[in-house]
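So this one's structure01.txt, compact mmCIF, C-alpha atoms:
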# COMPACT_ATOMS: atom_id res chain seq x y z
CA MET A 192 13.52 8.50 -2.78
CA ASP A 193 13.01 9.32 -6.41
CA THR A 194 9.87 11.45 -6.31
CA SER A 195 8.06 12.10 -9.53
CA LYS A 196 4.66 13.31 -10.55
CA LYS A 197 1.71 11.45 -11.98
CA THR A 198 -1.48 12.85 -13.40
CA ILE A 199 -4.67 10.93 -14.08
CA ILE A 200 -7.61 12.30 -16.02
CA VAL A 201 -10.84 10.70 -14.87
CA PHE A 202 -13.19 11.24 -17.79
CA SER A 203 -15.28 8.12 -17.32
CA GLY A 204 -18.01 7.75 -14.74
CA ASP A 205 -18.01 3.95 -14.97
CA PHE A 206 -17.47 2.28 -11.64
CA ASP A 207 -14.77 -0.07 -12.93
CA ARG A 208 -12.80 2.63 -14.71
CA VAL A 209 -12.96 5.05 -11.79
CA PHE A 210 -11.94 2.18 -9.52
CA ALA A 211 -8.87 1.45 -11.67
CA ALA A 212 -7.94 5.14 -11.65
CA PHE A 213 -8.04 5.22 -7.86
CA ILE A 214 -6.02 2.00 -7.51
CA ILE A 215 -3.27 3.47 -9.66
CA ALA A 216 -3.44 6.82 -7.90
CA ASN A 217 -3.17 5.22 -4.46
CA GLY A 218 -0.36 2.96 -5.59
CA ALA A 219 1.62 5.87 -7.02
CA ALA A 220 1.14 7.91 -3.85
CA ALA A 221 2.25 4.94 -1.75
CA MET A 222 5.41 4.86 -3.88
CA GLY A 223 6.11 8.45 -2.89
CA ASP A 224 4.83 10.21 -5.99
CA ASP A 225 2.85 13.43 -6.15
CA VAL A 226 -0.45 12.54 -7.76
CA THR A 227 -3.05 14.85 -9.23
CA MET A 228 -6.38 13.53 -10.48
CA PHE A 229 -8.38 15.63 -12.91
CA PHE A 230 -12.09 14.97 -13.04
CA THR A 231 -13.94 15.90 -16.17
CA PHE A 232 -17.30 15.05 -17.77
CA TRP A 233 -18.72 11.75 -16.47
CA GLY A 234 -15.88 11.49 -13.99
CA LEU A 235 -17.49 14.26 -11.94
CA ASN A 236 -20.25 11.87 -10.89
CA ALA A 237 -17.76 9.98 -8.73
CA LEU A 238 -17.35 13.12 -6.62
CA ARG A 239 -21.01 13.95 -6.15
CA LYS A 240 -22.48 13.99 -2.68
CA PRO A 241 -24.92 11.07 -2.31
CA LYS A 242 -27.77 13.33 -1.21
CA LYS A 243 -29.58 15.92 -3.28
CA GLN A 244 -28.31 19.41 -2.52
CA ALA A 245 -30.19 22.69 -2.74
CA THR A 246 -28.85 24.73 -5.65
CA SER A 247 -29.84 27.79 -7.58
CA GLY A 248 -29.22 29.21 -11.03
CA LYS A 249 -29.53 25.99 -13.06
CA SER A 250 -31.29 25.83 -16.41
CA GLY A 251 -33.96 23.20 -17.03
CA LEU A 252 -31.56 21.07 -19.05
CA GLN A 253 -28.84 21.34 -16.43
CA LYS A 254 -31.32 20.19 -13.81
CA ALA A 255 -32.33 17.26 -16.02
CA PHE A 256 -28.70 16.21 -16.57
CA ALA A 257 -27.93 16.37 -12.88
CA MET A 258 -31.01 14.30 -12.11
CA MET A 259 -30.24 11.56 -14.65
CA MET A 260 -26.63 11.08 -13.63
CA PRO A 261 -25.43 8.86 -10.76
CA ARG A 262 -25.07 10.66 -7.47
CA GLY A 263 -21.72 9.66 -6.03
CA ALA A 264 -19.22 6.82 -6.06
CA ASP A 265 -21.72 4.26 -4.76
CA LYS A 266 -24.09 4.81 -7.66
CA LEU A 267 -21.73 4.42 -10.60
CA LYS A 268 -22.50 1.83 -13.26
CA LEU A 269 -20.24 -0.86 -14.65
CA SER A 270 -18.87 -0.37 -18.17
CA ASN A 271 -19.68 -4.02 -18.83
CA MET A 272 -22.20 -6.43 -17.34
CA ASN A 273 -24.11 -3.67 -15.60
CA PHE A 274 -27.35 -5.71 -15.79
CA ALA A 275 -29.50 -2.73 -14.87
CA GLY A 276 -27.64 -2.18 -11.63
CA ALA A 277 -27.29 -5.82 -10.54
CA GLY A 278 -23.74 -5.96 -11.96
CA PRO A 279 -22.21 -3.42 -9.58
CA LYS A 280 -23.90 -5.12 -6.60
CA MET A 281 -22.41 -8.49 -7.55
CA PHE A 282 -19.04 -6.85 -8.18
CA LYS A 283 -19.02 -5.16 -4.81
CA LYS A 284 -19.99 -8.41 -3.11
CA VAL A 285 -17.08 -10.29 -4.64
CA MET A 286 -14.73 -7.40 -3.90
CA LYS A 287 -15.74 -7.52 -0.26
CA GLN A 288 -15.26 -11.29 -0.14
CA GLN A 289 -11.78 -10.81 -1.58
CA ASN A 290 -10.93 -8.00 0.86
CA VAL A 291 -10.52 -5.51 -1.96
CA MET A 292 -10.88 -1.91 -0.82
CA SER A 293 -14.17 -0.28 -1.75
CA LEU A 294 -14.25 2.72 -4.06
CA ASN A 295 -15.13 4.98 -1.14
CA GLU A 296 -12.23 3.59 0.88
CA LEU A 297 -9.90 4.23 -2.05
CA ILE A 298 -11.16 7.81 -2.31
CA ASP A 299 -10.59 8.32 1.43
CA SER A 300 -7.16 6.74 1.18
CA ALA A 301 -6.31 9.02 -1.77
CA ARG A 302 -7.18 12.03 0.35
CA GLU A 303 -5.16 10.75 3.31
CA GLN A 304 -2.19 10.37 1.02
CA GLY A 305 -2.49 13.96 -0.16
CA ILE A 306 -3.61 13.21 -3.69
CA ARG A 307 -5.01 16.38 -5.28
CA PHE A 308 -8.46 16.30 -6.88
CA VAL A 309 -8.95 18.97 -9.53
CA VAL A 310 -12.38 19.39 -11.08
CA CYS A 311 -13.00 20.77 -14.55
CA THR A 312 -15.25 23.79 -14.12
CA MET A 313 -16.40 23.72 -17.72
CA SER A 314 -17.73 20.18 -17.22
CA MET A 315 -19.54 21.34 -14.12
CA ASP A 316 -21.29 24.02 -16.13
CA VAL A 317 -22.24 21.66 -18.93
CA MET A 318 -23.50 18.96 -16.62
CA GLY A 319 -25.23 21.31 -14.27
CA LEU A 320 -23.21 20.46 -11.17
CA LYS A 321 -22.47 23.08 -8.55
CA GLU A 322 -19.60 23.12 -6.04
CA GLU A 323 -21.99 22.44 -3.19
CA GLU A 324 -23.12 19.21 -4.87
CA LEU A 325 -19.59 17.81 -4.86
CA ILE A 326 -17.63 16.39 -1.93
CA ASP A 327 -15.38 18.74 0.03
CA GLY A 328 -11.68 19.30 -0.48
CA LEU A 329 -11.65 19.73 -4.24
CA GLU A 330 -9.74 22.22 -6.38
CA PHE A 331 -11.38 23.78 -9.39
CA GLY A 332 -9.57 24.47 -12.62
CA GLY A 333 -9.42 24.22 -16.37
CA VAL A 334 -7.34 22.58 -19.07
CA ALA A 335 -4.31 24.76 -18.42
CA SER A 336 -4.17 23.60 -14.84
CA TYR A 337 -4.09 20.00 -16.07
CA LEU A 338 -1.48 20.73 -18.75
CA GLY A 339 0.67 22.60 -16.27
CA ASP A 340 0.80 19.54 -14.05
CA ALA A 341 1.14 17.14 -16.98
CA ASP A 342 4.25 19.00 -18.17
CA GLU A 343 5.96 18.14 -14.91
CA ALA A 344 4.68 14.57 -14.70
CA ASN A 345 6.28 11.44 -16.13
CA VAL A 346 3.02 9.51 -16.36
CA ASN A 347 -0.26 10.94 -17.60
CA LEU A 348 -3.24 8.64 -17.84
CA PHE A 349 -6.65 9.18 -19.38
CA VAL A 350 -9.27 6.91 -17.90
CA MET B 236 20.26 -10.93 -5.89
CA THR B 237 18.02 -11.69 -2.95
CA ALA B 238 18.93 -13.70 0.13
CA ALA B 239 18.32 -17.39 0.67
CA ILE B 240 15.43 -18.46 2.89
CA GLU B 241 17.79 -19.51 5.72
CA GLU B 242 19.38 -16.06 5.72
CA LEU B 243 15.96 -14.38 5.75
CA LYS B 244 14.82 -16.49 8.66
CA GLU B 245 17.83 -15.40 10.70
CA LEU B 246 17.36 -11.67 10.06
CA LYS B 247 16.82 -9.40 13.02
CA VAL B 248 13.51 -7.79 12.11
CA ASP B 249 12.84 -4.31 13.50
CA LEU B 250 9.25 -3.93 12.36
CA VAL B 251 6.59 -6.34 11.14
CA VAL B 252 3.70 -5.16 9.00
CA ASP B 253 0.75 -7.52 8.74
CA ALA B 254 -0.98 -6.91 5.41
CA ARG B 255 -2.45 -10.41 5.22
CA GLY B 256 -5.95 -10.53 3.84
CA THR B 257 -5.62 -7.25 1.97
CA SER B 258 -5.57 -7.04 -1.80
CA CYS B 259 -3.69 -4.71 -4.09
CA PRO B 260 -2.86 -1.92 -3.26
CA GLY B 261 -3.27 -2.84 0.44
CA PRO B 262 0.23 -4.24 1.05
CA ILE B 263 2.09 -1.23 -0.37
CA LEU B 264 -0.24 1.18 1.42
CA ALA B 265 0.51 -0.72 4.63
CA ALA B 266 4.25 -0.65 3.88
CA LYS B 267 4.20 3.08 3.24
CA LYS B 268 2.29 3.77 6.46
CA ALA B 269 4.60 1.61 8.54
CA ILE B 270 8.04 2.44 7.17
CA GLY B 271 8.29 5.62 9.25
CA GLY B 272 8.37 3.48 12.39
CA CYS B 273 11.36 1.48 11.18
CA PRO B 274 14.86 2.84 11.95
CA VAL B 275 17.19 3.62 9.04
CA GLY B 276 19.33 0.55 8.45
CA GLY B 277 16.65 -1.60 10.09
CA VAL B 278 14.74 -4.47 8.55
CA MET B 279 11.02 -4.35 7.89
CA GLU B 280 9.01 -7.48 7.22
CA VAL B 281 5.75 -7.39 5.29
CA MET B 282 3.36 -10.31 5.72
CA ALA B 283 0.91 -10.70 2.85
CA THR B 284 -1.44 -13.13 1.19
CA ASP B 285 -1.93 -11.35 -2.15
CA SER B 286 0.52 -13.04 -4.53
CA GLY B 287 0.99 -9.79 -6.49
CA THR B 288 2.88 -8.54 -3.45
CA LEU B 289 5.85 -10.63 -4.58
CA LYS B 290 6.33 -8.16 -7.43
CA ASP B 291 4.94 -5.08 -5.72
CA ILE B 292 7.11 -4.90 -2.61
CA PRO B 293 10.37 -5.22 -4.61
CA ALA B 294 9.15 -2.48 -6.97
CA TRP B 295 8.02 -0.32 -4.06
CA SER B 296 11.36 -0.83 -2.28
CA LYS B 297 13.32 0.14 -5.37
CA LYS B 298 11.24 3.26 -5.94
CA MET B 299 11.50 4.32 -2.30
CA GLY B 300 15.24 3.68 -2.23
CA HIS B 301 15.21 0.72 0.14
CA ASP B 302 16.99 -2.62 -0.27
CA TYR B 303 14.65 -5.51 -1.00
CA LEU B 304 16.10 -8.60 0.67
CA GLY B 305 13.81 -11.40 -0.47
CA SER B 306 10.79 -13.43 0.50
CA PHE B 307 9.52 -16.87 1.29
CA ASP B 308 6.22 -18.65 1.70
CA ASP B 309 5.55 -19.50 5.35
CA ALA B 310 2.75 -22.06 5.47
CA GLY B 311 0.18 -20.22 3.42
CA TYR B 312 1.31 -16.63 3.58
CA LEU B 313 4.19 -14.59 2.24
CA ARG B 314 6.93 -12.97 4.26
CA LEU B 315 8.85 -10.25 2.47
CA PHE B 316 11.88 -8.43 3.85
CA LEU B 317 13.47 -5.12 3.09
CA LYS B 318 16.16 -2.94 4.61
CA LYS B 319 15.28 0.70 5.16
CA MET B 320 18.06 2.75 3.59
CA LYS B 321 16.98 6.33 4.23

Represent the supplied structure as structure tokens.
Amino acid sequence: MDTSKKTIIVFSGDFDRVFAAFIIANGAAAMGDDVTMFFTFWGLNALRKPKKQATSGKSGLQKAFAMMMPRGADKLKLSNMNFAGAGPKMFKKVMKQQNVMSLNELIDSAREQGIRFVVCTMSMDVMGLKEEELIDGLEFGGVASYLGDADEANVNLFV
Amino acid sequence: MTAAIEELKELKVDLVVDARGTSCPGPILAAKKAIGGCPVGGVMEVMATDSGTLKDIPAWSKKMGHDYLGSFDDAGYLRLFLKKMK
């Protein structure tokens, strides 16, 4: 098997874009590749726990950001045809009808396949998200950690 | 060059993976999960309904170092065959 590395930067917090990122990540892992996904800025919202978590040490603005942003993969908006939240519901309905894996299933599958999730700590600070507000099993790093992996990868995507 | 339908139908299949009803990337995820249960040199069959599988299983086989043997449409679903090489 010809193993290679793939890295995917998940910058967007749009449901459709995050979905595409996870399809590619799962596909690459199924083809035997080592995959690392880097979550930065809006992409962090995909990794939020669905329930509000008790935190301390946030500024007023950080609290406001965290409150306004979608809490978890189920709450993400569509980049197009969002229709104030009706769009994602319709999308998910059709996806279910077509037996397409849900975003949460793709995230679980990514974990089962050993895909690494690295979260940008600077984005966490800016957006007022604490470790305890994000799902378990994440790594935390900065740009050098991404670049280090990207150097060794033959595909690097920015979504 | 892949095998003719008659040759595929006569293959001794060691492992069948039913990925019918799943959409991309379901069939390759199913293939990856199942391949461990197939002996080296054995034939694995993937059953699928997603037409993209016709391109995906050959690509997956090539990447994983297995020999893709071919496919045919069996009354509404696809049957794809590959030989596990390692």

* **Contact set, chain A to chain B: 9 Å, all atoms listed in the file, as a VMD selection string** => chain A and resid 192 to 194 214 to 215 217 to 218 220 to 223 289 to 292 300

* Rank A:Leu325, A:Met315, A:Leu320, A:Leu348 by their smallest atom-to-atom distance to A:Lys254, using only C-alpha atoms, and report the top residue only. =>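 Ranking A:Leu325, A:Met315, A:Leu320, A:Leu348 by distance to A:Lys254, first place goes to A:Leu320.
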
* To do: Using only C-alpha atoms, pick whichever of A:Gly339, A:Pro279, A:Gly248, A:Pro241 has the shortest atom-to-atom distance to A:Thr227.
  => A:Gly339

* Asked: Which one is closest to A:Ile199: A:Ala219, A:Leu297, A:Leu235, A:Met228? Count all atoms listed in the file.
  ->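 Smallest separation from A:Ile199 among the options: A:Met228.
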
* Asked: What lies within 12 Å of B:Ala269 using only C-alpha atoms, ignoring chain neighbours under 4 positions off, as number ranges by chain?
  -> A: 221; B: 249-254, 262-265, 273-274, 278-281, 319

* Asked: What lies within 9 Å of B:Leu313 using only C-alpha atoms, ignoring chain neighbours under 3 positions off, as a PyMOL selection string?
  -> chain B and resi 255+281-286+288-289+306-310
